[in-house]
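Raw contents of upload_28.txt, compact mmCIF, C-alpha atoms:
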# COMPACT_ATOMS: atom_id res chain seq x y z
CA MET A 1 108.03 105.51 123.62
CA THR A 2 109.46 108.20 125.91
CA ALA A 3 110.12 111.78 124.84
CA ALA A 4 108.20 114.04 127.22
CA THR A 5 110.91 116.70 127.59
CA PRO A 6 112.14 119.10 124.88
CA LYS A 7 115.53 117.36 125.01
CA GLY A 8 113.79 114.01 124.63
CA GLU A 9 111.78 115.30 121.68
CA ARG A 10 114.97 116.57 120.01
CA ARG A 11 116.69 113.22 120.54
CA ARG A 12 113.71 111.27 119.27
CA GLN A 13 113.50 113.51 116.20
CA ALA A 14 117.24 113.11 115.57
CA LEU A 15 116.75 109.33 115.58
CA VAL A 16 113.79 109.58 113.19
CA GLU A 17 115.75 111.79 110.79
CA ALA A 18 118.79 109.49 110.98
CA ALA A 19 116.62 106.44 110.29
CA SER A 20 114.96 108.28 107.39
CA ALA A 21 118.33 109.12 105.83
CA LEU A 22 119.51 105.53 106.20
CA LEU A 23 116.28 104.25 104.68
CA VAL A 24 116.72 106.49 101.62
CA GLU A 25 120.40 105.59 101.23
CA GLY A 26 120.20 101.85 101.77
CA GLY A 27 116.64 100.63 102.13
CA PHE A 28 115.09 98.85 105.09
CA ASP A 29 118.15 96.68 105.73
CA ALA A 30 120.20 99.81 106.46
CA VAL A 31 117.94 100.82 109.36
CA ARG A 32 119.44 99.09 112.39
CA HIS A 33 119.62 100.27 115.98
CA ARG A 34 123.38 100.80 115.93
CA ALA A 35 123.45 102.54 112.54
CA VAL A 36 120.62 104.89 113.51
CA ALA A 37 122.20 105.79 116.85
CA GLU A 38 125.59 106.40 115.21
CA ARG A 39 124.05 108.57 112.47
CA ALA A 40 122.14 110.58 115.09
CA GLY A 41 125.23 110.89 117.32
CA LEU A 42 123.39 109.32 120.25
CA PRO A 43 124.06 106.30 122.48
CA LEU A 44 122.90 102.94 121.15
CA ALA A 45 120.41 102.56 124.01
CA SER A 46 118.56 105.67 122.87
CA THR A 47 116.87 103.79 120.02
CA THR A 48 115.19 101.38 122.42
CA TYR A 49 114.53 104.13 124.96
CA TYR A 50 112.56 106.27 122.49
CA PHE A 51 111.06 103.46 120.38
CA ASP A 52 109.45 100.23 121.54
CA SER A 53 110.72 98.35 118.48
CA LEU A 54 112.67 98.72 115.27
CA ASP A 55 109.35 98.53 113.41
CA GLU A 56 108.13 101.60 115.33
CA LEU A 57 111.32 103.49 114.43
CA ILE A 58 111.02 102.48 110.77
CA THR A 59 107.38 103.59 110.72
CA ALA A 60 108.36 106.97 112.15
CA ALA A 61 111.15 107.27 109.56
CA VAL A 62 108.84 106.40 106.64
CA GLU A 63 106.23 108.86 107.92
CA PHE A 64 108.84 111.62 108.35
CA HIS A 65 110.29 111.06 104.88
CA GLY A 66 106.90 110.77 103.19
CA HIS A 67 105.55 113.95 104.76
CA ALA A 68 108.80 115.82 104.06
CA GLU A 69 108.58 114.92 100.36
CA LEU A 70 104.93 115.94 100.18
CA ALA A 71 105.64 119.23 101.98
CA SER A 72 108.57 120.00 99.68
CA CYS A 73 106.39 119.40 96.62
CA ARG A 74 103.57 121.56 98.04
CA GLU A 75 106.08 124.36 98.58
CA ARG A 76 107.37 124.03 95.01
CA LEU A 77 103.79 123.88 93.72
CA THR A 78 103.09 127.26 95.31
CA GLY A 79 106.11 128.76 93.56
CA LEU A 80 105.32 127.16 90.20
CA SER A 81 101.53 127.63 90.07
CA ASP A 82 101.75 130.30 87.37
CA ARG A 83 104.00 128.09 85.19
CA LEU A 84 102.08 124.80 85.38
CA ALA A 85 100.31 125.35 82.06
CA ASP A 86 103.72 124.51 80.56
CA THR A 87 103.61 120.72 80.12
CA ASP A 88 107.35 120.37 80.77
CA VAL A 89 107.06 122.14 84.14
CA LEU A 90 104.02 120.02 85.01
CA VAL A 91 105.74 116.76 84.05
CA GLU A 92 108.89 117.58 86.03
CA LEU A 93 106.90 118.46 89.16
CA VAL A 94 104.91 115.23 88.98
CA LEU A 95 108.10 113.23 88.41
CA ASP A 96 109.79 114.98 91.34
CA LEU A 97 106.94 113.74 93.49
CA LEU A 98 106.87 110.19 92.13
CA VAL A 99 110.54 109.54 91.39
CA GLY A 100 112.27 111.95 93.77
CA GLN A 101 113.24 115.59 93.61
CA ASP A 102 116.70 116.29 92.25
CA VAL A 103 117.26 112.56 91.74
CA THR A 104 119.08 111.83 88.52
CA ASP A 105 121.14 108.72 89.21
CA THR A 106 119.58 105.35 88.47
CA GLU A 107 120.81 103.73 91.71
CA THR A 108 118.95 106.24 93.91
CA MET A 109 115.79 105.81 91.83
CA LEU A 110 116.10 102.03 92.01
CA LEU A 111 116.52 102.18 95.80
CA ARG A 112 113.37 104.27 96.02
CA TYR A 113 111.32 101.73 94.08
CA GLU A 114 112.82 98.81 96.01
CA ARG A 115 111.84 100.59 99.23
CA LEU A 116 108.28 101.18 98.00
CA VAL A 117 107.86 97.57 96.93
CA ALA A 118 109.37 96.29 100.19
CA THR A 119 106.74 98.11 102.24
CA GLY A 120 104.31 95.44 101.05
CA ARG A 121 106.23 92.89 103.11
CA ARG A 122 105.83 94.97 106.24
CA PRO A 123 102.20 94.78 107.41
CA TYR A 124 102.88 97.32 110.16
CA LEU A 125 103.46 99.96 107.45
CA ARG A 126 100.21 99.36 105.57
CA PRO A 127 98.04 101.87 107.47
CA LEU A 128 100.68 104.59 107.06
CA MET A 129 101.20 103.78 103.38
CA ARG A 130 97.44 104.09 102.78
CA VAL A 131 97.51 107.58 104.33
CA LEU A 132 100.60 108.65 102.39
CA SER A 133 99.18 107.21 99.15
CA THR A 134 95.95 109.15 99.62
CA GLU A 135 97.90 112.36 100.26
CA LEU A 136 100.06 111.69 97.19
CA HIS A 137 97.02 111.16 94.95
CA GLU A 138 95.36 114.30 96.31
CA LEU A 139 98.49 116.38 95.72
CA ILE A 140 98.87 115.13 92.16
CA ALA A 141 95.20 115.96 91.50
CA GLU A 142 95.85 119.45 92.93
CA ILE A 143 98.89 119.89 90.68
CA PHE A 144 96.78 119.06 87.62
CA THR A 145 93.93 121.30 88.79
CA ARG A 146 96.34 124.21 89.20
CA SER A 147 97.70 123.49 85.72
CA GLY A 148 94.20 124.00 84.35
CA ARG A 149 93.62 120.29 83.76
CA ASP A 150 90.95 118.82 86.00
CA ILE A 151 91.39 115.06 86.09
CA THR A 152 89.55 112.28 87.84
CA ALA A 153 90.94 110.19 90.68
CA GLU A 154 91.03 107.25 88.25
CA ARG A 155 93.15 109.28 85.80
CA VAL A 156 95.57 110.19 88.60
CA GLU A 157 95.91 106.48 89.37
CA GLU A 158 96.50 105.71 85.68
CA LEU A 159 99.23 108.35 85.38
CA ILE A 160 100.97 107.12 88.53
CA ALA A 161 100.83 103.55 87.19
CA LEU A 162 102.21 104.76 83.85
CA VAL A 163 105.18 106.44 85.52
CA ASP A 164 105.83 103.54 87.90
CA GLY A 165 105.54 100.96 85.14
CA THR A 166 107.87 102.91 82.88
CA MET A 167 110.42 103.26 85.69
CA VAL A 168 110.34 99.55 86.54
CA ASN A 169 110.63 98.56 82.87
CA ALA A 170 113.57 100.93 82.47
CA PHE A 171 115.29 99.27 85.45
CA ILE A 172 114.67 95.80 84.01
CA GLU A 173 115.91 96.79 80.56
CA LEU A 174 118.91 98.62 82.06
CA LYS A 175 118.01 101.84 80.30
CA PRO A 176 120.42 104.65 81.17
CA ASP A 177 117.75 107.30 81.89
CA PRO A 178 114.65 105.85 83.60
CA ARG A 179 113.38 109.28 84.60
CA GLY A 180 113.71 110.53 81.02
CA ALA A 181 111.73 107.50 79.80
CA ALA A 182 109.00 108.21 82.37
CA ALA A 183 108.94 111.89 81.35
CA ARG A 184 108.47 110.96 77.67
CA MET A 185 105.63 108.54 78.51
CA LEU A 186 103.90 111.06 80.76
CA ARG A 187 104.20 113.85 78.17
CA SER A 188 102.81 111.53 75.52
CA ALA A 189 99.87 110.50 77.72
CA LEU A 190 99.08 114.14 78.53
CA SER A 191 99.23 115.20 74.89
CA ARG A 192 96.78 112.43 73.91
CA HIS A 193 94.30 112.86 76.73
CA GLY A 194 94.93 116.32 78.16
Would you write the structure of this file as structure tokens?
Amino acid sequence: MTAATPKGERRRQALVEAASALLVEGGFDAVRHRAVAERAGLPLASTTYYFDSLDELITAAVEFHGHAELASCRERLTGLSDRLADTDVLVELVLDLLVGQDVTDTETMLLRYERLVATGRRPYLRPLMRVLSTELHELIAEIFTRSGRDITAERVEELIALVDGTMVNAFIELKPDPRGAAARMLRSALSRHG
């Protein structure tokens, strides 16, 4: 990897952001050298100049996207801290983190879950996914703590599994509103167990 100059850093970052956008829009198959270079407005050779392999570029894109989502949620958490006692606000913030912020169409949600499942077939992503998963769990625990509901790490895992399972079942059953189904399940679980 080469990017020692400010211009090089800007180009490398442009490639990472382009790859991240392609990943979100079309999954791993959409992230190709040519497509990334075109999206970034850079020569095709720049992808191999700044990254030793496509796997390295994909890893950088996944890391960029994952940290951007976490940062966005942390920022929203700061603005919503005084409203988190409201279960609806709490549920929507957690769903934004797990399903995607401002995502309402089923295709985008399905692409997200396909992307998450597909990371399991890419051993080079496993260390990064462990880090991102830990940060996700910690942020969800913080959200609940700020809402006045201290929950265990095991409960965080259960709630994530509940949302993910509901989403996947909704995709399989072709339900028109997977996020709405996940919201109902999460609200129900919170009302039963606090």
**Report entry** Long-range neighbours of Leu116 in chain A as a PyMOL selection string, 12 Å cut-off, only C-alpha atoms, 4 positions minimum in chain
**Finding:** chain A and resi 23-24+27-28+62+66+98-99+109-112+120-122+125-126+129+132-133+164+168
Would you put the residues from that selection into a file with C-alpha atoms, as an mmCIF file, keeping the file's coordinate frame?
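In the end it all went to result-v2.cif:
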data_model
loop_
_atom_site.group_PDB
_atom_site.id
_atom_site.type_symbol
_atom_site.label_atom_id
_atom_site.label_comp_id
_atom_site.auth_asym_id
_atom_site.auth_seq_id
_atom_site.Cartn_x
_atom_site.Cartn_y
_atom_site.Cartn_z
ATOM 1 C CA LEU A 23 116.280 104.250 104.680
ATOM 2 C CA VAL A 24 116.720 106.490 101.620
ATOM 3 C CA GLY A 27 116.640 100.630 102.130
ATOM 4 C CA PHE A 28 115.090 98.850 105.090
ATOM 5 C CA VAL A 62 108.840 106.400 106.640
ATOM 6 C CA GLY A 66 106.900 110.770 103.190
ATOM 7 C CA LEU A 98 106.870 110.190 92.130
ATOM 8 C CA VAL A 99 110.540 109.540 91.390
ATOM 9 C CA MET A 109 115.790 105.810 91.830
ATOM 10 C CA LEU A 110 116.100 102.030 92.010
ATOM 11 C CA LEU A 111 116.520 102.180 95.800
ATOM 12 C CA ARG A 112 113.370 104.270 96.020
ATOM 13 C CA GLY A 120 104.310 95.440 101.050
ATOM 14 C CA ARG A 121 106.230 92.890 103.110
ATOM 15 C CA ARG A 122 105.830 94.970 106.240
ATOM 16 C CA LEU A 125 103.460 99.960 107.450
ATOM 17 C CA ARG A 126 100.210 99.360 105.570
ATOM 18 C CA MET A 129 101.200 103.780 103.380
ATOM 19 C CA LEU A 132 100.600 108.650 102.390
ATOM 20 C CA SER A 133 99.180 107.210 99.150
ATOM 21 C CA ASP A 164 105.830 103.540 87.900
ATOM 22 C CA VAL A 168 110.340 99.550 86.540
#
Query raised in the report: So how many Å separate CA of Tyr124 in chain A and CA of Thr108 in chain A, to one decimal?
Result: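 Here the two named atoms are 24.5 Å from each other.
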Considering all atoms listed in the file, tabulate each residue of range 90-114 of chain A that lies at most 9 Å from range 141-148 of chain A along with its nearest interatomic pair and the corresponding distance in Å to one decimal; arrange the rows by chain and ascending residue number and present them as CSV.
residue,atom,partner,partner_atom,distance
A:Leu90,CA,A:Ser147,CA,7.2
A:Leu93,CA,A:Ile143,CA,8.3
A:Val94,CA,A:Ile143,CA,7.8
Requested in this report: Kindly give the distance, in Å, that separates CA of Asn169 in chain A and CA of Ala153 in chain A, rounded to a single decimal.
Outcome: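 Straight-line distance from CA of Asn169 in chain A to CA of Ala153 in chain A works out to 24.2 Å.
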Requested in this report: Find the spatial neighbours of His67 in chain A, counting all atoms listed in the file, within a cut-off of 10 Å - ignore same-chain residues fewer than 4 positions away - and output them as a list in words.
Outcome: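 Answer for this query is Ala61, Val62, Glu63, Ala71, Ser72, Cys73, Leu132, Glu135 and Leu136 of chain A.
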Report summary line: Min atom-atom distance to Arg179 in chain A from the set A:Leu84, A:Pro127, A:Arg192, A:Asp102, counting all atoms listed in the file, belongs to A:Asp102
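Here the question is which of A:Glu69, A:Ala182, A:Asp150, A:Thr5 gets nearest to Gly165 in chain A using all atoms listed in the file, and that residue is A:Ala182.
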Query raised in the report: CA of Thr48 in chain A and CA of Tyr113 in chain A, how far apart in Å?
Result: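 Between CA of Tyr113 in chain A and CA of Thr48 in chain A the gap works out to 28.6 Å.
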Query raised in the report: Got a sec: who's within 9 Å of Gly26 in chain A, counting only C-alpha atoms, leaving out chain neighbours fewer than 5 positions off, as a list in words?
Result: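 Counting only the stated atoms, we get Ala21, Val31, Leu111 and Arg115 of chain A.
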